[in-house]
$ cat my_file11.txt   # compact mmCIF, C-alpha atoms and all ligand atoms
# COMPACT_ATOMS: atom_id res chain seq x y z
CA MET A 1 -18.63 -48.30 -22.80
CA ASN A 2 -15.46 -50.39 -22.79
CA GLU A 3 -15.33 -54.05 -23.89
CA THR A 4 -16.04 -55.58 -20.47
CA PRO A 5 -19.72 -56.46 -20.30
CA PRO A 6 -21.24 -54.24 -17.63
CA ARG A 7 -22.71 -55.75 -14.47
CA VAL A 8 -26.02 -54.13 -15.31
CA HIS A 9 -26.94 -51.55 -17.93
CA ALA A 10 -29.96 -49.88 -19.48
CA GLU A 11 -30.16 -49.74 -23.25
CA ILE A 12 -32.10 -46.71 -24.42
CA ASP A 13 -33.47 -46.99 -27.94
CA LEU A 14 -33.72 -43.43 -29.21
CA ASP A 15 -35.57 -44.65 -32.32
CA ALA A 16 -38.31 -45.84 -29.98
CA VAL A 17 -38.46 -42.34 -28.45
CA ARG A 18 -38.73 -40.80 -31.93
CA GLY A 19 -41.42 -43.29 -32.96
CA ASN A 20 -43.43 -42.65 -29.80
CA VAL A 21 -43.31 -38.88 -30.33
CA ARG A 22 -44.55 -39.35 -33.90
CA ALA A 23 -47.34 -41.66 -32.71
CA LEU A 24 -48.40 -39.16 -30.03
CA ARG A 25 -48.41 -36.31 -32.53
CA GLU A 26 -50.81 -38.36 -34.65
CA ARG A 27 -53.04 -38.74 -31.58
CA ALA A 28 -53.06 -34.95 -31.09
CA PRO A 29 -52.68 -33.65 -34.65
CA ARG A 30 -53.83 -30.08 -34.00
CA SER A 31 -51.67 -29.56 -30.92
CA GLU A 32 -47.99 -29.00 -30.32
CA LEU A 33 -46.19 -31.65 -28.31
CA MET A 34 -44.13 -31.06 -25.18
CA ALA A 35 -41.79 -33.91 -24.27
CA VAL A 36 -41.54 -34.01 -20.49
CA VAL A 37 -37.96 -34.91 -19.57
CA LYS A 38 -38.03 -34.34 -15.81
CA ALA A 39 -36.26 -36.79 -13.48
CA ASP A 40 -33.52 -37.35 -16.07
CA GLY A 41 -36.05 -38.22 -18.74
CA TYR A 42 -37.92 -40.64 -16.46
CA GLY A 43 -34.61 -42.43 -15.96
CA HIS A 44 -33.80 -42.62 -19.68
CA GLY A 45 -31.42 -39.64 -19.87
CA ALA A 46 -32.91 -36.17 -20.30
CA VAL A 47 -30.53 -34.70 -22.87
CA ALA A 48 -30.45 -37.64 -25.28
CA CYS A 49 -34.22 -38.14 -25.09
CA ALA A 50 -34.92 -34.41 -25.44
CA ARG A 51 -32.85 -34.32 -28.63
CA ALA A 52 -34.58 -37.42 -30.03
CA ALA A 53 -38.02 -36.00 -29.20
CA LEU A 54 -37.20 -32.68 -30.88
CA GLU A 55 -35.96 -34.54 -33.98
CA ALA A 56 -39.36 -36.28 -34.15
CA GLY A 57 -41.35 -33.06 -33.98
CA ALA A 58 -41.72 -32.14 -30.32
CA THR A 59 -41.64 -28.32 -30.12
CA TRP A 60 -41.52 -27.94 -26.34
CA LEU A 61 -39.66 -29.59 -23.47
CA GLY A 62 -40.91 -29.74 -19.91
CA THR A 63 -39.14 -30.28 -16.60
CA ALA A 64 -40.21 -30.14 -12.99
CA THR A 65 -37.32 -28.15 -11.54
CA PRO A 66 -35.57 -25.10 -12.97
CA GLN A 67 -32.24 -26.89 -12.41
CA GLU A 68 -33.36 -29.64 -14.79
CA ALA A 69 -34.29 -27.04 -17.41
CA LEU A 70 -31.01 -25.15 -16.98
CA ALA A 71 -29.13 -28.44 -17.47
CA LEU A 72 -30.79 -28.79 -20.90
CA ARG A 73 -29.61 -25.28 -21.79
CA ALA A 74 -26.10 -26.12 -20.57
CA ALA A 75 -26.16 -29.07 -22.98
CA GLY A 76 -26.90 -26.67 -25.82
CA ILE A 77 -30.63 -27.36 -26.21
CA THR A 78 -32.40 -24.12 -27.15
CA ALA A 79 -35.99 -25.38 -27.66
CA ARG A 80 -38.83 -23.77 -25.74
CA THR A 81 -38.75 -25.26 -22.25
CA LEU A 82 -41.22 -24.92 -19.39
CA CYS A 83 -40.25 -25.69 -15.79
CA TRP A 84 -42.89 -25.73 -13.11
CA LEU A 85 -41.69 -26.72 -9.66
CA TRP A 86 -40.43 -23.58 -7.96
CA THR A 87 -39.66 -22.69 -4.38
CA PRO A 88 -39.03 -19.21 -3.00
CA GLY A 89 -35.51 -18.00 -3.73
CA GLY A 90 -35.26 -20.22 -6.83
CA PRO A 91 -33.01 -19.39 -9.80
CA TRP A 92 -35.51 -17.02 -11.45
CA ARG A 93 -32.89 -14.72 -12.91
CA GLU A 94 -30.89 -17.61 -14.42
CA ALA A 95 -34.15 -18.96 -15.85
CA VAL A 96 -35.07 -15.61 -17.41
CA GLU A 97 -31.59 -15.19 -18.86
CA ALA A 98 -31.71 -18.77 -20.21
CA ASP A 99 -35.00 -18.04 -22.04
CA LEU A 100 -36.96 -20.60 -20.06
CA ASP A 101 -40.72 -20.37 -19.70
CA VAL A 102 -41.50 -20.50 -16.00
CA ALA A 103 -44.68 -21.58 -14.26
CA VAL A 104 -46.33 -19.23 -11.82
CA SER A 105 -48.84 -20.74 -9.40
CA GLY A 106 -49.18 -17.90 -6.93
CA MET A 107 -48.49 -14.30 -6.08
CA TRP A 108 -45.12 -14.95 -4.38
CA ALA A 109 -43.80 -16.50 -7.58
CA LEU A 110 -45.04 -13.60 -9.71
CA ASP A 111 -43.29 -11.16 -7.35
CA GLU A 112 -40.00 -13.09 -7.56
CA VAL A 113 -40.08 -13.44 -11.34
CA ARG A 114 -40.88 -9.72 -11.79
CA ALA A 115 -37.90 -8.80 -9.62
CA ALA A 116 -35.67 -11.20 -11.57
CA ALA A 117 -36.83 -9.76 -14.90
CA ARG A 118 -36.07 -6.22 -13.71
CA ALA A 119 -32.61 -7.29 -12.53
CA ALA A 120 -31.92 -9.05 -15.84
CA GLY A 121 -33.35 -6.21 -17.92
CA ARG A 122 -35.50 -8.72 -19.82
CA THR A 123 -39.12 -9.74 -20.12
CA ALA A 124 -39.79 -13.06 -18.38
CA ARG A 125 -41.99 -15.62 -20.12
CA ILE A 126 -44.43 -16.97 -17.57
CA GLN A 127 -47.22 -19.54 -17.69
CA LEU A 128 -49.99 -19.20 -15.11
CA LYS A 129 -50.96 -22.54 -13.60
CA ALA A 130 -54.54 -23.15 -12.49
CA ASP A 131 -55.54 -25.70 -9.87
CA THR A 132 -58.68 -27.01 -11.57
CA GLY A 133 -59.09 -29.82 -9.06
CA LEU A 134 -55.82 -31.72 -8.60
CA GLY A 135 -55.28 -30.00 -5.27
CA ARG A 136 -51.52 -29.90 -5.68
CA ASN A 137 -49.69 -27.00 -7.33
CA GLY A 138 -51.52 -24.22 -9.16
CA CYS A 139 -53.77 -21.30 -8.30
CA GLN A 140 -57.21 -21.99 -6.83
CA PRO A 141 -60.22 -20.64 -8.78
CA GLY A 142 -60.99 -18.25 -5.92
CA ASP A 143 -57.53 -16.64 -6.19
CA TRP A 144 -57.33 -16.73 -9.99
CA ALA A 145 -58.78 -13.25 -10.67
CA ASP A 146 -56.19 -11.66 -8.39
CA LEU A 147 -53.29 -13.58 -9.96
CA VAL A 148 -54.51 -12.80 -13.47
CA GLY A 149 -54.95 -9.12 -12.56
CA ALA A 150 -51.42 -8.95 -11.17
CA ALA A 151 -50.05 -10.68 -14.28
CA VAL A 152 -51.85 -8.21 -16.56
CA ALA A 153 -50.32 -5.34 -14.56
CA ALA A 154 -46.88 -6.95 -14.81
CA GLU A 155 -47.32 -7.29 -18.57
CA ALA A 156 -48.12 -3.56 -18.69
CA GLU A 157 -44.91 -2.72 -16.80
CA GLY A 158 -43.00 -4.92 -19.26
CA THR A 159 -41.53 -7.38 -16.77
CA VAL A 160 -43.49 -10.43 -17.93
CA LYS A 161 -45.29 -11.89 -20.90
CA VAL A 162 -47.88 -14.58 -20.17
CA THR A 163 -47.09 -17.26 -22.74
CA GLY A 164 -49.32 -19.96 -21.37
CA LEU A 165 -52.30 -20.87 -19.22
CA TRP A 166 -52.32 -24.41 -17.97
CA SER A 167 -53.42 -27.03 -15.49
CA HIS A 168 -52.93 -30.72 -14.63
CA PHE A 169 -55.35 -33.66 -14.25
CA ALA A 170 -55.84 -35.77 -11.13
CA CYS A 171 -57.43 -38.87 -12.69
CA ALA A 172 -56.74 -38.84 -16.44
CA ASP A 173 -55.54 -42.44 -16.14
CA GLU A 174 -59.09 -43.46 -15.14
CA PRO A 175 -61.16 -42.63 -18.25
CA GLY A 176 -64.71 -41.63 -17.29
CA HIS A 177 -63.73 -40.50 -13.80
CA PRO A 178 -66.14 -37.67 -12.94
CA SER A 179 -63.29 -35.34 -11.94
CA ILE A 180 -62.11 -35.19 -15.56
CA GLU A 181 -65.14 -33.30 -16.90
CA LEU A 182 -65.18 -31.09 -13.79
CA GLN A 183 -61.53 -30.17 -14.29
CA LEU A 184 -62.10 -29.43 -17.98
CA ALA A 185 -65.06 -27.18 -17.12
CA ALA A 186 -63.04 -25.35 -14.45
CA PHE A 187 -60.15 -24.96 -16.90
CA ARG A 188 -62.41 -23.45 -19.56
CA ASP A 189 -63.83 -20.99 -16.99
CA MET A 190 -60.36 -19.98 -15.82
CA LEU A 191 -59.15 -19.57 -19.44
CA ALA A 192 -62.18 -17.41 -20.22
CA LEU A 193 -61.55 -15.16 -17.22
CA ALA A 194 -57.88 -14.66 -18.11
CA GLU A 195 -58.62 -14.00 -21.77
CA LYS A 196 -61.37 -11.51 -20.83
CA GLU A 197 -58.78 -9.64 -18.75
CA GLY A 198 -56.61 -9.35 -21.86
CA ILE A 199 -54.19 -12.27 -21.54
CA GLU A 200 -53.28 -13.72 -24.94
CA PRO A 201 -51.50 -17.00 -24.27
CA GLU A 202 -49.51 -18.78 -26.97
CA VAL A 203 -50.47 -22.13 -25.50
CA ARG A 204 -53.25 -23.46 -23.29
CA HIS A 205 -52.61 -26.98 -22.00
CA ILE A 206 -53.82 -29.58 -19.54
CA ALA A 207 -53.24 -33.04 -21.13
CA ASN A 208 -50.63 -35.45 -19.76
CA SER A 209 -49.93 -38.85 -21.42
CA PRO A 210 -53.16 -40.58 -20.39
CA ALA A 211 -55.29 -37.58 -21.45
CA THR A 212 -53.38 -37.33 -24.74
CA LEU A 213 -54.15 -41.00 -25.41
CA THR A 214 -57.80 -41.03 -24.32
CA LEU A 215 -59.32 -37.55 -24.29
CA PRO A 216 -59.08 -35.46 -27.50
CA GLU A 217 -61.12 -32.59 -26.02
CA SER A 218 -58.30 -32.06 -23.51
CA HIS A 219 -55.60 -31.46 -26.12
CA PHE A 220 -56.01 -27.66 -26.54
CA ASP A 221 -52.87 -26.06 -28.08
CA LEU A 222 -50.27 -28.36 -26.53
CA VAL A 223 -50.05 -31.81 -24.96
CA ARG A 224 -47.50 -32.47 -22.21
CA THR A 225 -46.46 -36.09 -22.63
CA GLY A 226 -43.98 -37.78 -20.35
CA LEU A 227 -44.28 -41.52 -19.82
CA ALA A 228 -45.74 -42.23 -23.27
CA VAL A 229 -42.68 -40.63 -24.91
CA TYR A 230 -40.64 -43.43 -23.34
CA GLY A 231 -43.11 -45.99 -24.68
CA VAL A 232 -44.64 -47.10 -21.42
CA SER A 233 -48.37 -47.36 -20.76
CA PRO A 234 -49.56 -44.94 -18.06
CA ALA A 235 -52.00 -47.50 -16.61
CA PRO A 236 -52.94 -51.14 -17.28
CA GLU A 237 -56.58 -50.03 -17.79
CA LEU A 238 -55.52 -48.03 -20.86
CA GLY A 239 -53.88 -51.08 -22.46
CA THR A 240 -50.33 -52.23 -22.91
CA ALA A 241 -47.75 -50.09 -24.65
CA GLN A 242 -48.17 -52.21 -27.76
CA GLU A 243 -51.96 -51.77 -27.72
CA LEU A 244 -51.41 -48.02 -27.44
CA GLY A 245 -49.05 -47.99 -30.42
CA LEU A 246 -46.01 -47.22 -28.24
CA ARG A 247 -42.65 -48.92 -27.98
CA PRO A 248 -40.72 -49.09 -24.67
CA ALA A 249 -37.35 -47.36 -25.04
CA MET A 250 -35.56 -48.90 -22.06
CA THR A 251 -34.21 -52.44 -21.82
CA LEU A 252 -32.59 -53.34 -18.51
CA LYS A 253 -29.99 -56.09 -18.77
CA ALA A 254 -27.63 -57.70 -16.29
CA SER A 255 -24.80 -60.16 -16.71
CA VAL A 256 -25.30 -63.34 -14.65
CA ALA A 257 -22.55 -63.28 -12.02
CA LEU A 258 -22.60 -66.89 -10.85
CA VAL A 259 -24.44 -70.17 -11.45
CA LYS A 260 -24.15 -72.87 -8.81
CA ARG A 261 -25.87 -76.00 -7.55
CA VAL A 262 -27.29 -76.06 -4.04
CA PRO A 263 -29.06 -78.88 -2.20
CA GLY A 264 -32.81 -78.97 -1.58
CA GLY A 265 -34.02 -77.07 1.47
CA HIS A 266 -31.40 -74.35 1.02
CA GLY A 267 -32.48 -70.85 2.07
CA VAL A 268 -31.94 -68.11 -0.50
CA SER A 269 -31.12 -64.46 0.23
CA TYR A 270 -31.87 -62.39 3.33
CA GLY A 271 -34.57 -63.73 5.59
CA HIS A 272 -34.65 -67.11 3.79
CA HIS A 273 -38.04 -66.24 2.30
CA TYR A 274 -37.28 -68.71 -0.47
CA VAL A 275 -36.09 -72.25 0.18
CA THR A 276 -35.04 -74.55 -2.68
CA PRO A 277 -37.31 -77.52 -3.35
CA ALA A 278 -36.30 -81.10 -2.48
CA GLY A 279 -33.81 -82.50 -4.94
CA GLY A 280 -31.74 -79.34 -5.18
CA SER A 281 -31.53 -76.45 -7.62
CA HIS A 282 -29.21 -74.42 -9.72
CA LEU A 283 -29.20 -70.79 -8.65
CA ALA A 284 -28.23 -67.84 -10.85
CA LEU A 285 -26.98 -64.69 -9.18
CA VAL A 286 -28.15 -61.48 -10.90
CA PRO A 287 -25.94 -58.56 -9.85
CA ALA A 288 -28.58 -55.81 -9.62
CA GLY A 289 -30.46 -54.70 -6.55
CA TYR A 290 -32.46 -51.95 -4.97
CA ALA A 291 -29.48 -49.59 -5.09
CA ASP A 292 -29.86 -49.89 -8.86
CA GLY A 293 -33.61 -49.25 -8.63
CA ILE A 294 -34.83 -52.86 -8.63
CA PRO A 295 -37.83 -52.65 -6.30
CA ARG A 296 -37.43 -54.68 -3.11
CA HIS A 297 -41.22 -54.97 -3.16
CA ALA A 298 -40.78 -57.30 -6.16
CA SER A 299 -38.96 -59.82 -3.93
CA GLY A 300 -40.29 -63.30 -4.78
CA ARG A 301 -42.26 -61.87 -7.72
CA GLY A 302 -40.17 -59.89 -10.25
CA PRO A 303 -39.91 -61.59 -13.68
CA VAL A 304 -36.58 -62.03 -15.50
CA LEU A 305 -35.78 -63.54 -18.91
CA VAL A 306 -32.75 -65.77 -18.49
CA GLY A 307 -31.73 -68.85 -20.43
CA GLY A 308 -34.70 -68.52 -22.80
CA ALA A 309 -37.35 -68.62 -20.05
CA VAL A 310 -39.01 -66.06 -17.81
CA ARG A 311 -38.26 -66.92 -14.21
CA THR A 312 -39.11 -65.23 -10.95
CA VAL A 313 -36.86 -63.58 -8.37
CA ALA A 314 -36.23 -66.17 -5.63
CA GLY A 315 -36.36 -64.57 -2.19
CA ARG A 316 -35.46 -61.02 -1.37
CA VAL A 317 -34.04 -58.40 -3.69
CA ALA A 318 -30.95 -57.12 -1.85
CA MET A 319 -29.11 -53.84 -2.27
CA ASP A 320 -26.87 -55.07 -5.10
CA GLN A 321 -28.10 -58.49 -6.16
CA PHE A 322 -30.86 -61.07 -6.29
CA VAL A 323 -31.14 -64.76 -7.13
CA ILE A 324 -33.08 -66.79 -9.69
CA ASP A 325 -33.81 -70.51 -9.25
CA LEU A 326 -33.04 -72.22 -12.56
CA GLY A 327 -34.51 -75.52 -11.39
CA PRO A 328 -33.05 -79.01 -10.84
CA ASP A 329 -31.81 -79.83 -14.35
CA GLU A 330 -28.33 -79.18 -15.68
CA PRO A 331 -28.61 -75.45 -16.49
CA THR A 332 -28.12 -73.94 -19.91
CA VAL A 333 -27.36 -70.61 -18.22
CA ARG A 334 -23.74 -69.78 -17.44
CA SER A 335 -22.05 -66.94 -15.66
CA GLY A 336 -21.69 -64.03 -18.08
CA ASP A 337 -25.01 -64.81 -19.80
CA GLU A 338 -27.51 -62.04 -20.23
CA ALA A 339 -30.50 -61.64 -17.93
CA VAL A 340 -33.16 -59.25 -19.23
CA LEU A 341 -35.24 -57.71 -16.46
CA PHE A 342 -37.49 -55.72 -18.74
CA GLY A 343 -37.67 -54.32 -22.24
CA PRO A 344 -40.15 -53.79 -25.07
CA GLY A 345 -41.49 -57.34 -24.62
CA GLU A 346 -40.84 -58.22 -28.24
CA HIS A 347 -38.46 -61.11 -27.55
CA GLY A 348 -40.21 -62.79 -24.65
CA GLU A 349 -38.77 -60.46 -22.02
CA PRO A 350 -40.97 -58.92 -19.32
CA THR A 351 -41.92 -55.23 -19.51
CA ALA A 352 -41.65 -52.39 -16.99
CA GLU A 353 -45.44 -52.74 -16.74
CA ASP A 354 -44.95 -56.38 -15.58
CA TRP A 355 -42.46 -55.21 -12.93
CA ALA A 356 -44.92 -52.54 -11.78
CA GLN A 357 -47.52 -55.21 -11.25
CA ALA A 358 -45.02 -57.46 -9.43
CA ALA A 359 -43.98 -54.60 -7.13
CA GLY A 360 -47.49 -53.19 -6.56
CA THR A 361 -46.60 -49.85 -8.10
CA ILE A 362 -46.91 -47.93 -11.36
CA ALA A 363 -44.64 -48.29 -14.38
CA TYR A 364 -43.64 -44.62 -13.97
CA GLU A 365 -41.79 -45.60 -10.80
CA ILE A 366 -40.08 -48.66 -12.32
CA VAL A 367 -38.27 -46.77 -15.08
CA THR A 368 -37.72 -43.53 -13.17
CA ARG A 369 -36.03 -45.17 -10.20
CA ILE A 370 -33.39 -47.04 -12.25
CA GLY A 371 -30.41 -45.64 -10.43
CA ALA A 372 -27.39 -43.54 -11.27
CA ARG A 373 -25.18 -46.63 -10.78
CA VAL A 374 -26.68 -48.17 -13.93
CA PRO A 375 -24.94 -46.98 -17.12
CA ARG A 376 -27.20 -45.91 -19.99
CA VAL A 377 -26.20 -47.15 -23.41
CA TYR A 378 -27.83 -45.27 -26.28
CA LEU A 379 -28.93 -47.05 -29.44
CA HIS A 380 -29.63 -45.17 -32.69
CA GLY A 381 -28.22 -41.87 -31.40
C1 LIG A 401 -44.94 -35.26 -15.02
C2 LIG A 401 -45.88 -34.27 -15.55
C3 LIG A 401 -46.43 -34.41 -16.84
C4 LIG A 401 -46.24 -35.66 -17.69
O1 LIG A 401 -47.08 -36.67 -17.19
P1 LIG A 401 -47.17 -38.08 -17.95
O2 LIG A 401 -48.32 -38.76 -17.30
O3 LIG A 401 -45.87 -38.77 -17.68
O4 LIG A 401 -47.38 -37.79 -19.37
C5 LIG A 401 -47.21 -33.40 -17.33
N1 LIG A 401 -47.44 -32.29 -16.59
C6 LIG A 401 -46.97 -32.14 -15.34
C7 LIG A 401 -47.29 -30.91 -14.57
C8 LIG A 401 -46.18 -33.12 -14.77
O5 LIG A 401 -45.71 -32.96 -13.53

$ encode --input "my_file11.txt" --output "structure tokens" --more "lines below"
Ligand SMILES: *Cc1c(COP(=O)(O)O)cnc(C)c1O
Amino acid sequence: MNETPPRVHAEIDLDAVRGNVRALRERAPRSELMAVVKADGYGHGAVACARAALEAGATWLGTATPQEALALRAAGITARTLCWLWTPGGPWREAVEADLDVAVSGMWALDEVRAAARAAGRTARIQLKADTGLGRNGCQPGDWADLVGAAVAAEAEGTVKVTGLWSHFACADEPGHPSIELQLAAFRDMLALAEKEGIEPEVRHIANSPATLTLPESHFDLVRTGLAVYGVSPAPELGTAQELGLRPAMTLKASVALVKRVPGGHGVSYGHHYVTPAGGSHLALVPAGYADGIPRHASGRGPVLVGGAVRTVAGRVAMDQFVIDLGPDEPTVRSGDEAVLFGPGEHGEPTAEDWAQAAGTIAYEIVTRIGARVPRVYLHG
């Protein structure tokens, strides 16, 4: 950062990340903790957050794509790292040579990783993924015996070592949903089959953040926590971050670009969906828009702390900017003042969870979509 206040920036409190990891480890005391840092650490910065999580006791990192995992290695991070979203022709050899653990959901992936291991002259660490009911990635129960058999044969030839058996929940954010028990039962069956065939995994895992917070019987050897590491509640039904003992790490701030008086009846922003009340208003221009990740669906609804009060976006969120109506009185807000879109909520500012509600989406999307045009400023590095 230079001295000029940035148009908009995201402060990332790495102490909050460390505190959240410690809190989650207390929730799952007999399990290791994987910090999921996919999608650039849910918008918080993968490398900085991975380091903070490891400092606080995380022993694994997780990413969706192999490229994300290789980027952690390029930054010098050597911790055990699992990446799970592969497509044919992916960088299997680079992954094997970088000591990544790679997910295998089907026979094509096992074939590619075996070939890569042979080419590299190394044993690949693989984790077999079971589809216990999510219906997304993973191996169906009906195909599991074949995949396990092929993995056992590959272990015998020395190309792979199965380090993990794992799965993913569909509805862990809805405690009591009947699919949860069904998935756990399917997972136990699929673990039993693999172990009977001679697989000895280091880690068996199925819990994401909501399961880590609500379902101890899902913790197994490892919990894979993403959103909770960043201090955001996975779902309003589970409680706020504060109620869950978590602290949001991201604070999104903008510098008010302009304050001006307009007459009553003045349309504001594209489409004139907001019109100033009779008597006139002072408008504040906030220089952040959907190109920065501010959801356009929060037009007319998103909350912003400015001038000591929480006010609502007036009219449409545009690509680069939106407007706040400060009301008729002489404003205390001036250009250059700080507008806080969301943060931990400890100083009257809204939270990412509030923005999710305003935009009709989940808090995952609010933090993750904060764009590349927004500089991240790290606190307590
Ligand atoms: C994203 C992801 C996670 C983390 O989920 P959270 O709900 O953010 O904790 C865990 N496992 C898999 C397979 C994922 O894709």

$ residues_around --input "my_file11.txt" --residues "Pro29 in chain A" --least-positions-apart "5" --cutoff "12 Å" --atoms "only C-alpha atoms" --output "list in words"
Val21, Arg22, Ala23, Leu24, Gly57, Ala58, Thr212, Leu213, Pro216, His219, Phe220, Asp221, Leu222 and Val223 of chain A

$ residues_near_ligand --input "my_file11.txt" --ligand "ligand LIG 401 (chain A)" --cutoff "8 Å" --atoms "only C-alpha atoms and all ligand atoms" --output "list in words"
Val36, Lys38, Gly62, Thr63, Ala64, Trp84, Ser167, His168, Ile206, Ala207, Asn208, Ser209, Pro210, Arg224, Thr225, Gly226, Leu227, Ala228, Val229, Pro234 and Tyr364 of chain A

$ atom_distance --input "my_file11.txt" --atom1 "CA of Val323 in chain A" --atom2 "CA of Asp40 in chain A"
28.9 Å

$ closest_residue --input "my_file11.txt" --among "A:Gly121, A:Thr163, A:Asn20, A:Ala145" --to "Leu82 in chain A" --atoms "all atoms listed in the file"
A:Thr163

$ residues_around --input "my_file11.txt" --residues "range 172-177 of chain A" --least-positions-apart "3" --cutoff "6 Å" --atoms "only C-alpha atoms" --output "PyMOL selection string"
chain A and resi 169+180+210-211

$ write_last_selection --input "my_file11.txt" --atoms "C-alpha atoms" --output "PDB file, in the frame of the given file"
ATOM      1  CA  PHE A 169     -55.350 -33.660 -14.250  1.00  0.00           C
ATOM      2  CA  ILE A 180     -62.110 -35.190 -15.560  1.00  0.00           C
ATOM      3  CA  PRO A 210     -53.160 -40.580 -20.390  1.00  0.00           C
ATOM      4  CA  ALA A 211     -55.290 -37.580 -21.450  1.00  0.00           C
TER       5      ALA A 211
END

$ atom_distance --input "my_file11.txt" --atom1 "CA of Ala74 in chain A" --atom2 "CA of Gly43 in chain A"
19.0 Å

$ residues_around --input "my_file11.txt" --residues "Ala95 in chain A" --least-positions-apart "2" --cutoff "12 Å" --atoms "only C-alpha atoms" --output "short mmCIF file (atom, residue, chain, number, x, y, z; two decimals) with C-alpha atoms, in the coordinates of the input"
data_model
loop_
_atom_site.label_atom_id
_atom_site.label_comp_id
_atom_site.auth_asym_id
_atom_site.auth_seq_id
_atom_site.Cartn_x
_atom_site.Cartn_y
_atom_site.Cartn_z
CA THR A 65 -37.32 -28.15 -11.54
CA PRO A 66 -35.57 -25.10 -12.97
CA GLN A 67 -32.24 -26.89 -12.41
CA GLU A 68 -33.36 -29.64 -14.79
CA ALA A 69 -34.29 -27.04 -17.41
CA LEU A 70 -31.01 -25.15 -16.98
CA ALA A 71 -29.13 -28.44 -17.47
CA LEU A 72 -30.79 -28.79 -20.90
CA ARG A 73 -29.61 -25.28 -21.79
CA ALA A 74 -26.10 -26.12 -20.57
CA ARG A 80 -38.83 -23.77 -25.74
CA THR A 81 -38.75 -25.26 -22.25
CA LEU A 82 -41.22 -24.92 -19.39
CA CYS A 83 -40.25 -25.69 -15.79
CA TRP A 84 -42.89 -25.73 -13.11
CA TRP A 86 -40.43 -23.58 -7.96
CA GLY A 90 -35.26 -20.22 -6.83
CA PRO A 91 -33.01 -19.39 -9.80
CA TRP A 92 -35.51 -17.02 -11.45
CA ARG A 93 -32.89 -14.72 -12.91
CA GLU A 97 -31.59 -15.19 -18.86
CA ALA A 98 -31.71 -18.77 -20.21
CA ASP A 99 -35.00 -18.04 -22.04
CA LEU A 100 -36.96 -20.60 -20.06
CA ASP A 101 -40.72 -20.37 -19.70
CA VAL A 102 -41.50 -20.50 -16.00
CA ALA A 103 -44.68 -21.58 -14.26
CA GLU A 112 -40.00 -13.09 -7.56
CA VAL A 113 -40.08 -13.44 -11.34
CA ALA A 116 -35.67 -11.20 -11.57
CA ALA A 117 -36.83 -9.76 -14.90
CA ALA A 120 -31.92 -9.05 -15.84
CA ARG A 122 -35.50 -8.72 -19.82
CA THR A 123 -39.12 -9.74 -20.12
CA ALA A 124 -39.79 -13.06 -18.38
CA ARG A 125 -41.99 -15.62 -20.12
CA ILE A 126 -44.43 -16.97 -17.57
#

$ atom_distance --input "my_file11.txt" --atom1 "CA of Glu26 in chain A" --atom2 "CA of Leu246 in chain A"
11.9 Å

$ build_atoms --input "my_file11.txt" --residues "range 81-92 of chain A" --atoms "N, CA and C atoms" --output "short mmCIF file (atom, residue, chain, number, x, y, z; two decimals), in the coordinates of the input"
data_model
loop_
_atom_site.label_atom_id
_atom_site.label_comp_id
_atom_site.auth_asym_id
_atom_site.auth_seq_id
_atom_site.Cartn_x
_atom_site.Cartn_y
_atom_site.Cartn_z
N THR A 81 -38.77 -24.35 -23.40
CA THR A 81 -38.75 -25.26 -22.25
C THR A 81 -39.49 -24.63 -21.08
N LEU A 82 -40.45 -25.37 -20.56
CA LEU A 82 -41.22 -24.92 -19.39
C LEU A 82 -40.76 -25.71 -18.17
N CYS A 83 -40.53 -25.00 -17.06
CA CYS A 83 -40.25 -25.69 -15.79
C CYS A 83 -41.23 -25.18 -14.75
N TRP A 84 -41.73 -26.10 -13.91
CA TRP A 84 -42.89 -25.73 -13.11
C TRP A 84 -42.76 -25.89 -11.61
N LEU A 85 -41.70 -26.48 -11.11
CA LEU A 85 -41.69 -26.72 -9.66
C LEU A 85 -40.71 -25.77 -8.98
N TRP A 86 -41.25 -24.65 -8.52
CA TRP A 86 -40.43 -23.58 -7.96
C TRP A 86 -40.62 -23.48 -6.46
N THR A 87 -39.56 -23.04 -5.79
CA THR A 87 -39.66 -22.69 -4.38
C THR A 87 -39.10 -21.28 -4.23
N PRO A 88 -39.52 -20.59 -3.17
CA PRO A 88 -39.03 -19.21 -3.00
C PRO A 88 -37.50 -19.16 -2.99
N GLY A 89 -36.97 -18.14 -3.64
CA GLY A 89 -35.51 -18.00 -3.73
C GLY A 89 -34.91 -18.83 -4.86
N GLY A 90 -35.74 -19.39 -5.72
CA GLY A 90 -35.26 -20.22 -6.83
C GLY A 90 -34.49 -19.40 -7.86
N PRO A 91 -33.88 -20.07 -8.82
CA PRO A 91 -33.01 -19.39 -9.80
C PRO A 91 -33.81 -18.67 -10.90
N TRP A 92 -34.64 -17.72 -10.49
CA TRP A 92 -35.51 -17.02 -11.45
C TRP A 92 -34.69 -16.24 -12.47
#
